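Visitor: Please read through the structure below; I'll follow up with questions.
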Amino acid sequence: MTSTTDQPNQFALLRQRRFAPFFWTQFLGAGNDNLFKFAFTVMLTYQLQVAWLPPAMAGLVIGALFILPFVLFSATSGQLADKLEKTRLIRFVKNLEIAIAAAAMLGFMAPNVSLLLGCVFMMGLHSTLFGPVKFAYLPQHLSAREITGGNGMVEMGTFVAILLGNVAGGLLIALPGCGATWVAIGCVGTALLGRLAAQQVPLSPATDPTLVINWNPLSETWRNLKLAREDIVVFRSLLAISWMWFFGAVFLANFPAFAKQVLYGDEQVASLLLVVFSVGIGIGSLACEMLSRRQVEIGLVPLGAIGMSAFSIDLYFASRGLPAVALQTLAQFITSPAHWRLMADLGLLALSVGLYSVPMYALIQLRSQPSLRARIIAANNILNALFMIVSSLGAGAMLGAGFSVPEIFLAVALLNAVVGVYIFLLVPEYLLRFVAFLLSRLMHRFKVEGDDHIPVTGAAIIVCNAFSAVDALLLMAASPRPMRWLIDQRLFALPVLGGLFRLAKAIPSASQAESPAADAAALDTADQVLADGGLLCVFLEDGGTPQRRCDDVMQIQARRVAQGKPVVPVVPVVLRSSPGSNVSRTAPSATQQRRLFSRVELLAGPALAQAQAMAGVTVEGLQAALQALRAR
């Protein structure tokens, strides 16, 4: 029997040409962006005194200038990524990066702050052009089972590149007398390496080669946002990701000022904050595949949001009351026990950001229409940029009003809690998946086998052997995508269970004898779920007798045949647990007790043959398929 645990992990992608050259291209690009930006920020904070750009504002100004092109040109870059072959566009972007790095070399050698600020804007343009290509490339070369791991690798790589770029930028610019020269050489050299990696990226055909480019950035930006709004789940995910960038931008832009003014540390301490933050995000991103069992697990998003707020709040308290001292070296800083809690908070809040972001990106990639995917990603970049600009302006206004950097971190943490509650009430699927995640990972030793038989795309009917609230949540935890349940309407009257079913948009049903109207309405809704390409779950033992649910499946398939549509696959699934488990239907013996963290298994079998999935669906046939699974 196959299982997702039998498949290679995400690191195997680094040995494959469809992924590795692309990974290193984006890795080097992200590293170069941050080498340049952080070296420039440190230079303005510690070395150069520019009257019109105070050190406390340098990080915010550079960050805002870098993301401004995302607002202005993301719509155009999204069109180009949909219209053109993507490898051609990637190579053009890397050529542009070499030219920008050469101009930055002149700016560092002079030094010329105005020229370097112009290069910041151009580096933002370089990243704007690459953004839609980056996230539209992955679904063309990775399967649905690989997309979470691939995104985790890209997210990890991006933040490790941020880490290395920032560390290199901070160390190089601090070299006495020659720091700016070495930063300039590093920027040009990294750009050249990125171009070499881009040469090996395999071809990626255009998804909409007939697209006519609208060169008006304002009208195209508005059109992209309207396109994104057409799928409400995707659009809300875009907003949630943009909030994550709002949150992260506040920390990244304020690390130099936080290190100098609050922690009384030198340039190396500022680099250490970025190291801890980047490593935390990398670990969180890589953990997503393991925690999600190689599927898009949006139940991780609430877990990440909780961690983002909790550890940011504790970071505020950990940084209060630190004594004012002369600037500390890295060695002096890390040997102080007062700083260990602060570093732990920073690492854990960053890990939470990784858990939050990777499932979001994977969800957008899988649920976006392929011909529009790059433009949807462009809309995401536009929203990200707007949120980041607002965060920079808000943080700048708070600094101008006399707030300290830790107080800004606290304000963002509290605001994140409010936004999280709003998002999860607006989109209950996140909360339901979170509950299912906790149930299957923390309360039970949950083993899944054969889940590759549950289709990742297209309509299907899942027939399961048992029914309870726990059964439904466990099945949700094992499914690669959302599903709707057909459930006896009497269960909706239960106080807690009924609320859960309504939150999950379960379909209330009744027998023909009880309520012909309710029965017809349930079948109409079930038919629409399948027409929309969704998953419909039927519990064979719900609603009185297995024969009733079997009849429902037969009627749904018969309706499709009458409408000239093909029958959908019927996939048998079994949940089983040992006696004494708190989800077992078998009563514990006199010496057993109901217990948590018990073993629960979910087994999915291959879809029934087409003849069986149509008129041949019988109670005996379904029960035989389920019994065969139980016997494994």
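Please note that chains go A, B, ... in the order of the structure tokens, that every chain numbers its residues from 1, and that ligands are numbered from 1 in the order shown.
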Counting only C-alpha atoms, what are the residues of segment 240-297 of chain A within 12 Å of segment 419-424 of chain A, and for each of them which pair of atoms is the nearest and at what distance in Å, to one decimal? Sort the table by chain and rising number, as CSV.

Guide:
```
residue,atom,partner,partner_atom,distance
A:Ala240,CA,A:Ile423,CA,7.5
A:Ile241,CA,A:Ile423,CA,11.2
A:Ser242,CA,A:Val419,CA,11.6
A:Trp243,CA,A:Val419,CA,8.3
A:Met244,CA,A:Val419,CA,10.3
A:Phe246,CA,A:Val419,CA,11.5
A:Phe247,CA,A:Val419,CA,10.9
```

Visitor: Let's have the selection written as a tab-separated table (two decimals), in the first residue's frame, with N, CA and C atoms.

Guide:
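The resulting part-v5.tsv:
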```
chain	number	residue	atom	x	y	z
A	240	ALA	N	-4.07	37.54	3.53
A	240	ALA	CA	-3.40	36.97	4.70
A	240	ALA	C	-1.89	36.95	4.52
A	241	ILE	N	-1.41	36.63	3.31
A	241	ILE	CA	0.03	36.67	3.05
A	241	ILE	C	0.55	38.09	3.14
A	242	SER	N	-0.23	39.04	2.60
A	242	SER	CA	0.20	40.44	2.65
A	242	SER	C	0.32	40.91	4.09
A	243	TRP	N	-0.57	40.44	4.95
A	243	TRP	CA	-0.44	40.80	6.36
A	243	TRP	C	0.86	40.23	6.94
A	244	MET	N	1.21	39.01	6.54
A	244	MET	CA	2.46	38.42	7.02
A	244	MET	C	3.66	39.30	6.64
A	246	PHE	N	3.51	42.56	6.07
A	246	PHE	CA	3.38	43.74	6.92
A	246	PHE	C	4.09	43.48	8.26
A	247	PHE	N	3.78	42.34	8.85
A	247	PHE	CA	4.33	41.95	10.13
A	247	PHE	C	5.85	41.81	10.05
```

Visitor: Find the spatial neighbours of Arg630 of chain A, counting only C-alpha atoms, within a cut-off of 8 Å - ignore same-chain residues fewer than 4 positions away - and output them as a PyMOL selection string.

Guide: chain A and resi 574+576+603+626

Visitor: Convert the current residue selection to file output with all heavy atoms, as a compact mmCIF listing (two decimals), in the first residue's frame.

Guide:
```txt
# COMPACT_ATOMS: atom_id res chain seq x y z
N VAL A 574 -11.38 3.80 5.24
CA VAL A 574 -11.66 3.16 6.53
C VAL A 574 -10.89 3.87 7.62
O VAL A 574 -9.70 4.19 7.47
CB VAL A 574 -11.27 1.67 6.49
CG1 VAL A 574 -11.11 1.11 7.89
CG2 VAL A 574 -12.32 0.88 5.74
N ARG A 576 -9.87 3.17 11.59
CA ARG A 576 -9.89 2.11 12.60
C ARG A 576 -8.98 2.51 13.75
O ARG A 576 -8.00 3.22 13.59
CB ARG A 576 -9.44 0.77 12.01
CG ARG A 576 -8.01 0.73 11.52
CD ARG A 576 -7.71 -0.57 10.81
NE ARG A 576 -6.31 -0.66 10.40
CZ ARG A 576 -5.82 -1.62 9.62
NH1 ARG A 576 -6.63 -2.57 9.15
NH2 ARG A 576 -4.54 -1.64 9.31
N LEU A 603 -7.14 4.38 6.26
CA LEU A 603 -6.71 3.65 5.07
C LEU A 603 -7.64 3.99 3.92
O LEU A 603 -8.87 3.88 4.05
CB LEU A 603 -6.72 2.14 5.31
CG LEU A 603 -5.84 1.59 6.44
CD1 LEU A 603 -6.60 1.55 7.76
CD2 LEU A 603 -5.34 0.19 6.08
N LEU A 626 -14.81 -1.79 1.94
CA LEU A 626 -14.36 -1.32 3.24
C LEU A 626 -13.78 -2.46 4.07
O LEU A 626 -12.78 -2.28 4.77
CB LEU A 626 -15.52 -0.64 3.98
CG LEU A 626 -16.09 0.62 3.32
CD1 LEU A 626 -17.30 1.12 4.10
CD2 LEU A 626 -15.04 1.71 3.23
```

Visitor: Pick out the closest residue to Leu399 of chain A from this set: A:Phe19, A:Phe27, A:Phe311, A:Phe258. Count only C-alpha atoms.

Guide: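 For Leu399 of chain A, the nearest of the candidates is A:Phe258.
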
Visitor: Just asking: which residues within segment 201-365 of chain A are helix (DSSP H, G or I) according to DSSP, as a PyMOL selection string?

Guide: chain A and resi 217-229+232-262+267-292+300-318+330-334+337-365

Visitor: Filtering to C-alpha atoms, could you give me those residues as a short mmCIF file (atom, residue, chain, number, x, y, z; two decimals), in the first residue's frame?

Guide:
```cif
data_model
loop_
_atom_site.label_atom_id
_atom_site.label_comp_id
_atom_site.auth_asym_id
_atom_site.auth_seq_id
_atom_site.Cartn_x
_atom_site.Cartn_y
_atom_site.Cartn_z
CA PRO A 217 0.39 50.03 -14.84
CA LEU A 218 -2.55 51.74 -13.13
CA SER A 219 -5.33 50.12 -15.14
CA GLU A 220 -3.56 46.76 -15.20
CA THR A 221 -3.01 46.86 -11.44
CA TRP A 222 -6.73 47.40 -10.94
CA ARG A 223 -7.54 44.60 -13.40
CA ASN A 224 -5.18 42.19 -11.60
CA LEU A 225 -6.81 42.91 -8.27
CA LYS A 226 -10.23 42.29 -9.82
CA LEU A 227 -8.98 38.97 -11.26
CA ALA A 228 -7.75 37.94 -7.82
CA ARG A 229 -11.11 38.79 -6.24
CA ILE A 232 -12.70 34.57 -2.81
CA VAL A 233 -10.61 31.83 -1.16
CA VAL A 234 -7.54 32.82 -3.18
CA PHE A 235 -8.11 36.54 -2.60
CA ARG A 236 -8.43 36.14 1.15
CA SER A 237 -5.25 34.08 1.13
CA LEU A 238 -3.53 36.94 -0.72
CA LEU A 239 -4.62 39.34 2.01
CA ALA A 240 -3.40 36.97 4.70
CA ILE A 241 0.03 36.67 3.05
CA SER A 242 0.20 40.44 2.65
CA TRP A 243 -0.44 40.80 6.36
CA MET A 244 2.46 38.42 7.02
CA TRP A 245 4.74 40.73 5.00
CA PHE A 246 3.38 43.74 6.92
CA PHE A 247 4.33 41.95 10.13
CA GLY A 248 7.76 40.78 8.96
CA ALA A 249 8.72 44.09 7.36
CA VAL A 250 8.40 45.89 10.69
CA PHE A 251 10.97 43.55 12.24
CA LEU A 252 13.39 43.41 9.31
CA ALA A 253 13.46 47.19 8.82
CA ASN A 254 14.02 47.92 12.51
CA PHE A 255 16.70 45.37 13.41
CA PRO A 256 19.65 47.81 13.00
CA ALA A 257 17.96 50.48 15.16
CA PHE A 258 16.78 47.81 17.65
CA ALA A 259 20.32 46.45 17.96
CA LYS A 260 21.91 49.88 18.46
CA GLN A 261 19.33 51.81 20.49
CA VAL A 262 17.72 49.06 22.61
CA GLU A 267 26.91 45.95 13.63
CA GLN A 268 27.55 42.28 14.37
CA VAL A 269 24.70 42.20 16.89
CA ALA A 270 22.38 43.63 14.21
CA SER A 271 23.56 40.82 11.92
CA LEU A 272 22.90 38.26 14.67
CA LEU A 273 19.25 39.36 14.90
CA LEU A 274 18.89 38.71 11.18
CA VAL A 275 20.64 35.35 11.52
CA VAL A 276 18.21 34.21 14.22
CA PHE A 277 15.19 35.54 12.32
CA SER A 278 16.22 33.95 9.01
CA VAL A 279 17.14 30.58 10.54
CA GLY A 280 13.80 30.53 12.37
CA ILE A 281 11.83 31.12 9.19
CA GLY A 282 13.90 28.51 7.36
CA ILE A 283 13.22 25.88 10.02
CA GLY A 284 9.51 26.71 10.07
CA SER A 285 9.31 26.52 6.28
CA LEU A 286 11.04 23.14 6.11
CA ALA A 287 8.90 21.79 8.94
CA CYS A 288 5.73 22.39 6.92
CA GLU A 289 6.18 19.33 4.70
CA MET A 290 6.78 17.03 7.66
CA LEU A 291 3.84 18.42 9.62
CA SER A 292 1.51 18.47 6.61
CA LEU A 300 -0.72 25.26 10.18
CA VAL A 301 -1.73 28.87 9.49
CA PRO A 302 -3.55 29.48 12.82
CA LEU A 303 -0.68 27.76 14.66
CA GLY A 304 1.75 30.15 12.99
CA ALA A 305 -0.41 33.18 13.71
CA ILE A 306 -0.64 32.28 17.42
CA GLY A 307 3.14 31.93 17.62
CA MET A 308 3.73 35.22 15.81
CA SER A 309 1.76 37.14 18.42
CA ALA A 310 2.77 35.18 21.52
CA PHE A 311 6.52 35.34 20.95
CA SER A 312 6.44 38.96 19.74
CA ILE A 313 4.69 39.99 22.94
CA ASP A 314 7.28 38.14 25.01
CA LEU A 315 10.04 39.78 22.93
CA TYR A 316 8.72 43.14 24.08
CA PHE A 317 8.92 42.14 27.73
CA ALA A 318 12.33 40.51 27.25
CA LEU A 330 28.88 40.03 19.45
CA ALA A 331 30.82 38.03 22.05
CA GLN A 332 29.75 40.35 24.86
CA PHE A 333 26.13 40.26 23.74
CA ILE A 334 25.71 36.48 23.51
CA PRO A 337 21.92 35.52 29.99
CA ALA A 338 19.51 38.47 29.71
CA HIS A 339 19.72 38.15 25.94
CA TRP A 340 19.03 34.41 25.66
CA ARG A 341 15.29 34.75 26.18
CA LEU A 342 15.21 37.54 23.65
CA MET A 343 16.97 35.38 21.04
CA ALA A 344 14.60 32.47 21.73
CA ASP A 345 11.56 34.72 21.26
CA LEU A 346 12.93 36.08 18.01
CA GLY A 347 13.71 32.61 16.65
CA LEU A 348 10.32 31.16 17.61
CA LEU A 349 8.31 34.05 16.21
CA ALA A 350 10.27 33.65 12.95
CA LEU A 351 9.59 29.90 12.95
CA SER A 352 5.91 30.76 13.32
CA VAL A 353 6.12 33.04 10.27
CA GLY A 354 7.41 30.07 8.26
CA LEU A 355 4.53 27.85 9.41
CA TYR A 356 2.10 30.63 8.48
CA SER A 357 3.40 31.51 5.03
CA VAL A 358 4.27 28.25 3.22
CA PRO A 359 0.74 26.72 3.27
CA MET A 360 -0.66 30.06 2.09
CA TYR A 361 1.59 30.21 -0.95
CA ALA A 362 0.91 26.56 -1.82
CA LEU A 363 -2.86 27.14 -1.53
CA ILE A 364 -2.72 30.07 -3.94
CA GLN A 365 -0.64 28.14 -6.47
#
```

Visitor: Need the shell around Pro323 of chain A: protein/DNA/RNA residues with any atom at most 10 Å away, counting only C-alpha atoms. Skip same-chain ones fewer than 3 positions apart. Format as a PDB file with C-alpha atoms, in the first residue's frame?

Guide:
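That gives us selection27.pdb:
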```
ATOM      1  CA  VAL A 262      17.715  49.064  22.613  1.00  0.00           C
ATOM      2  CA  LEU A 263      20.222  46.218  22.862  1.00  0.00           C
ATOM      3  CA  TYR A 264      23.307  48.482  22.744  1.00  0.00           C
ATOM      4  CA  ARG A 320      12.433  46.052  28.548  1.00  0.00           C
ATOM      5  CA  ALA A 326      28.608  51.133  25.612  1.00  0.00           C
TER       6      ALA A 326
END
```

Visitor: For Asp524 of chain A, list every protein, DNA or RNA residue within 12 Å, evaluated using only C-alpha atoms, and leave out those in the same chain fewer than 6 positions away; present the list as a PyMOL selection string.

Guide: chain A and resi 486+507-509+517-518+530-531+552+555-557+559-560

Visitor: Store the residues picked out above in a file with C-alpha atoms, as a compact mmCIF listing (two decimals), in the first residue's frame.

Guide:
```txt
# COMPACT_ATOMS: atom_id res chain seq x y z
CA LEU A 486 -23.48 14.70 3.61
CA ILE A 507 -24.95 19.29 3.81
CA PRO A 508 -28.01 18.39 5.96
CA SER A 509 -29.98 15.48 4.51
CA ALA A 517 -37.92 18.51 0.08
CA ALA A 518 -34.89 18.20 2.37
CA LEU A 530 -19.29 17.56 -7.67
CA ALA A 531 -20.09 19.86 -10.60
CA ASP A 552 -27.79 8.59 -2.07
CA GLN A 555 -28.95 8.83 -7.08
CA ILE A 556 -26.09 11.32 -7.34
CA GLN A 557 -24.38 9.24 -10.00
CA ARG A 559 -28.29 12.41 -11.94
CA ARG A 560 -24.91 12.96 -13.57
```

Visitor: Please return as number ranges by chain: the residues of segment 255-501 of chain A that backbone DSSP assigns to strand (DSSP E).

Guide: A: 444-449, 460-464, 483-488

Visitor: In Å, with one decimal, what is the gap from atom CA of Leu203 of chain A to atom CA of Gln16 of chain A?

Guide: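 Interatomic distance, atom CA of Leu203 of chain A to atom CA of Gln16 of chain A: 14.0 Å.
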
Visitor: Using only C-alpha atoms, can you tell me which of A:Ala401, A:Ala522, A:Ala478, A:Val390 comes closest to Pro455 of chain A?

Guide: A:Ala478

Visitor: Please provide as number ranges by chain all residues within 12 Å of Gly157 of chain A, with the sequence filter that same-chain residues fewer than 3 positions apart are discarded (counting only C-alpha atoms).

Guide: A: 11, 14, 20, 22-31, 149-154, 160-165, 278-279, 281-286, 354

Visitor: Keeping only N, CA and C atoms, take the residues you just selected and write them out as a short mmCIF file (atom, residue, chain, number, x, y, z; two decimals), in the first residue's frame.

Guide:
```
data_model
loop_
_atom_site.label_atom_id
_atom_site.label_comp_id
_atom_site.auth_asym_id
_atom_site.auth_seq_id
_atom_site.Cartn_x
_atom_site.Cartn_y
_atom_site.Cartn_z
N PHE A 11 14.06 17.55 0.06
CA PHE A 11 15.47 17.77 -0.28
C PHE A 11 15.88 17.04 -1.55
N LEU A 14 16.51 19.02 -4.79
CA LEU A 14 17.77 19.71 -5.06
C LEU A 14 18.69 18.90 -5.96
N ALA A 20 16.51 22.36 -9.10
CA ALA A 20 17.76 22.86 -8.53
C ALA A 20 18.26 24.16 -9.16
N PHE A 22 16.67 26.49 -10.74
CA PHE A 22 15.72 27.54 -10.37
C PHE A 22 15.92 27.95 -8.90
N PHE A 23 16.09 26.95 -8.02
CA PHE A 23 16.29 27.22 -6.60
C PHE A 23 17.51 28.10 -6.39
N TRP A 24 18.64 27.75 -7.04
CA TRP A 24 19.87 28.51 -6.83
C TRP A 24 19.80 29.89 -7.48
N THR A 25 19.03 30.00 -8.56
CA THR A 25 18.85 31.32 -9.17
C THR A 25 18.14 32.27 -8.22
N GLN A 26 17.02 31.80 -7.65
CA GLN A 26 16.29 32.67 -6.72
C GLN A 26 17.07 32.86 -5.42
N PHE A 27 17.81 31.85 -4.99
CA PHE A 27 18.62 31.95 -3.78
C PHE A 27 19.66 33.06 -3.93
N LEU A 28 20.38 33.06 -5.03
CA LEU A 28 21.43 34.06 -5.25
C LEU A 28 20.83 35.45 -5.43
N GLY A 29 19.66 35.53 -6.10
CA GLY A 29 19.02 36.83 -6.27
C GLY A 29 18.58 37.43 -4.94
N ALA A 30 17.96 36.60 -4.09
CA ALA A 30 17.53 37.09 -2.78
C ALA A 30 18.74 37.46 -1.92
N GLY A 31 19.82 36.66 -2.02
CA GLY A 31 21.01 36.96 -1.25
C GLY A 31 21.63 38.28 -1.67
N GLY A 149 6.31 20.93 -0.22
CA GLY A 149 7.74 20.77 -0.01
C GLY A 149 8.55 21.73 -0.87
N GLY A 150 8.13 21.92 -2.13
CA GLY A 150 8.84 22.85 -3.01
C GLY A 150 8.76 24.27 -2.51
N ASN A 151 7.58 24.68 -2.07
CA ASN A 151 7.43 26.02 -1.50
C ASN A 151 8.23 26.17 -0.22
N GLY A 152 8.26 25.10 0.58
CA GLY A 152 9.05 25.15 1.80
C GLY A 152 10.53 25.34 1.50
N MET A 153 11.01 24.64 0.46
CA MET A 153 12.41 24.79 0.07
C MET A 153 12.69 26.21 -0.42
N VAL A 154 11.78 26.74 -1.25
CA VAL A 154 11.97 28.10 -1.77
C VAL A 154 11.93 29.11 -0.63
N VAL A 160 17.30 31.86 4.10
CA VAL A 160 18.72 31.58 4.30
C VAL A 160 19.55 32.55 3.46
N ALA A 161 19.07 32.84 2.24
CA ALA A 161 19.76 33.83 1.41
C ALA A 161 19.72 35.21 2.05
N ILE A 162 18.56 35.56 2.64
CA ILE A 162 18.47 36.82 3.38
C ILE A 162 19.49 36.82 4.51
N LEU A 163 19.55 35.69 5.22
CA LEU A 163 20.51 35.56 6.32
C LEU A 163 21.94 35.77 5.83
N LEU A 164 22.34 34.99 4.82
CA LEU A 164 23.71 35.07 4.35
C LEU A 164 24.01 36.43 3.73
N GLY A 165 23.04 36.96 2.98
CA GLY A 165 23.24 38.27 2.38
C GLY A 165 23.41 39.35 3.43
N SER A 278 16.20 34.69 10.27
CA SER A 278 16.22 33.95 9.01
C SER A 278 16.26 32.44 9.26
N VAL A 279 17.07 32.00 10.23
CA VAL A 279 17.14 30.58 10.54
C VAL A 279 15.78 30.09 11.05
N ILE A 281 12.77 31.26 10.31
CA ILE A 281 11.83 31.12 9.19
C ILE A 281 12.20 29.91 8.34
N GLY A 282 13.49 29.68 8.13
CA GLY A 282 13.90 28.51 7.36
C GLY A 282 13.47 27.21 8.01
N ILE A 283 13.64 27.09 9.32
CA ILE A 283 13.22 25.88 10.02
C ILE A 283 11.70 25.71 9.94
N GLY A 284 10.97 26.80 10.16
CA GLY A 284 9.51 26.71 10.07
C GLY A 284 9.04 26.32 8.69
N SER A 285 9.70 26.84 7.66
CA SER A 285 9.31 26.52 6.28
C SER A 285 9.56 25.05 5.96
N LEU A 286 10.73 24.55 6.37
CA LEU A 286 11.04 23.14 6.11
C LEU A 286 10.16 22.20 6.91
N GLY A 354 7.25 31.11 9.26
CA GLY A 354 7.41 30.07 8.26
C GLY A 354 6.23 29.13 8.20
#
```

Visitor: If we count only C-alpha atoms and set the cut-off at 12 Å, which residues sit around segment 71-75 of chain A, ignoring sequence neighbours fewer than 4 positions away in its own chain? Please answer as a PyMOL selection string.

Guide: chain A and resi 64-67+79-82+121-122+124-133+213-228+372+374-390

Visitor: Restricting the calculation to only C-alpha atoms: of A:Leu171, A:Met109, A:Leu35, A:Leu89, which residue gets closest to Ala191 of chain A?

Guide: A:Leu35

Visitor: Which one of A:Pro21, A:Leu602, A:Val573, A:Gln547 sits closest to Val619 of chain A if you count only C-alpha atoms?

Guide: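 Using only C-alpha atoms, Val619 of chain A sits closest to A:Gln547.
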
Visitor: Pick out the closest residue to Val571 of chain A from this set: A:Ala459, A:Leu172, A:Leu366, A:Ile487. Count only C-alpha atoms.

Guide: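 Of A:Ala459, A:Leu172, A:Leu366, A:Ile487, the one nearest Val571 of chain A is A:Ala459, counting only C-alpha atoms.
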
Visitor: Would you mind reading off the distance between atom CA of Pro606 of chain A and atom CA of Asp451 of chain A, one decimal, in Å?

Guide: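 Rounded to one decimal, the two atoms are 9.5 Å apart.
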
Visitor: Rounded to one decimal, what separation in Å do you get between atom CA of Ile100 of chain A and atom CA of Ser114 of chain A?

Guide: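 Separation between atom CA of Ile100 of chain A and atom CA of Ser114 of chain A: 14.1 Å.
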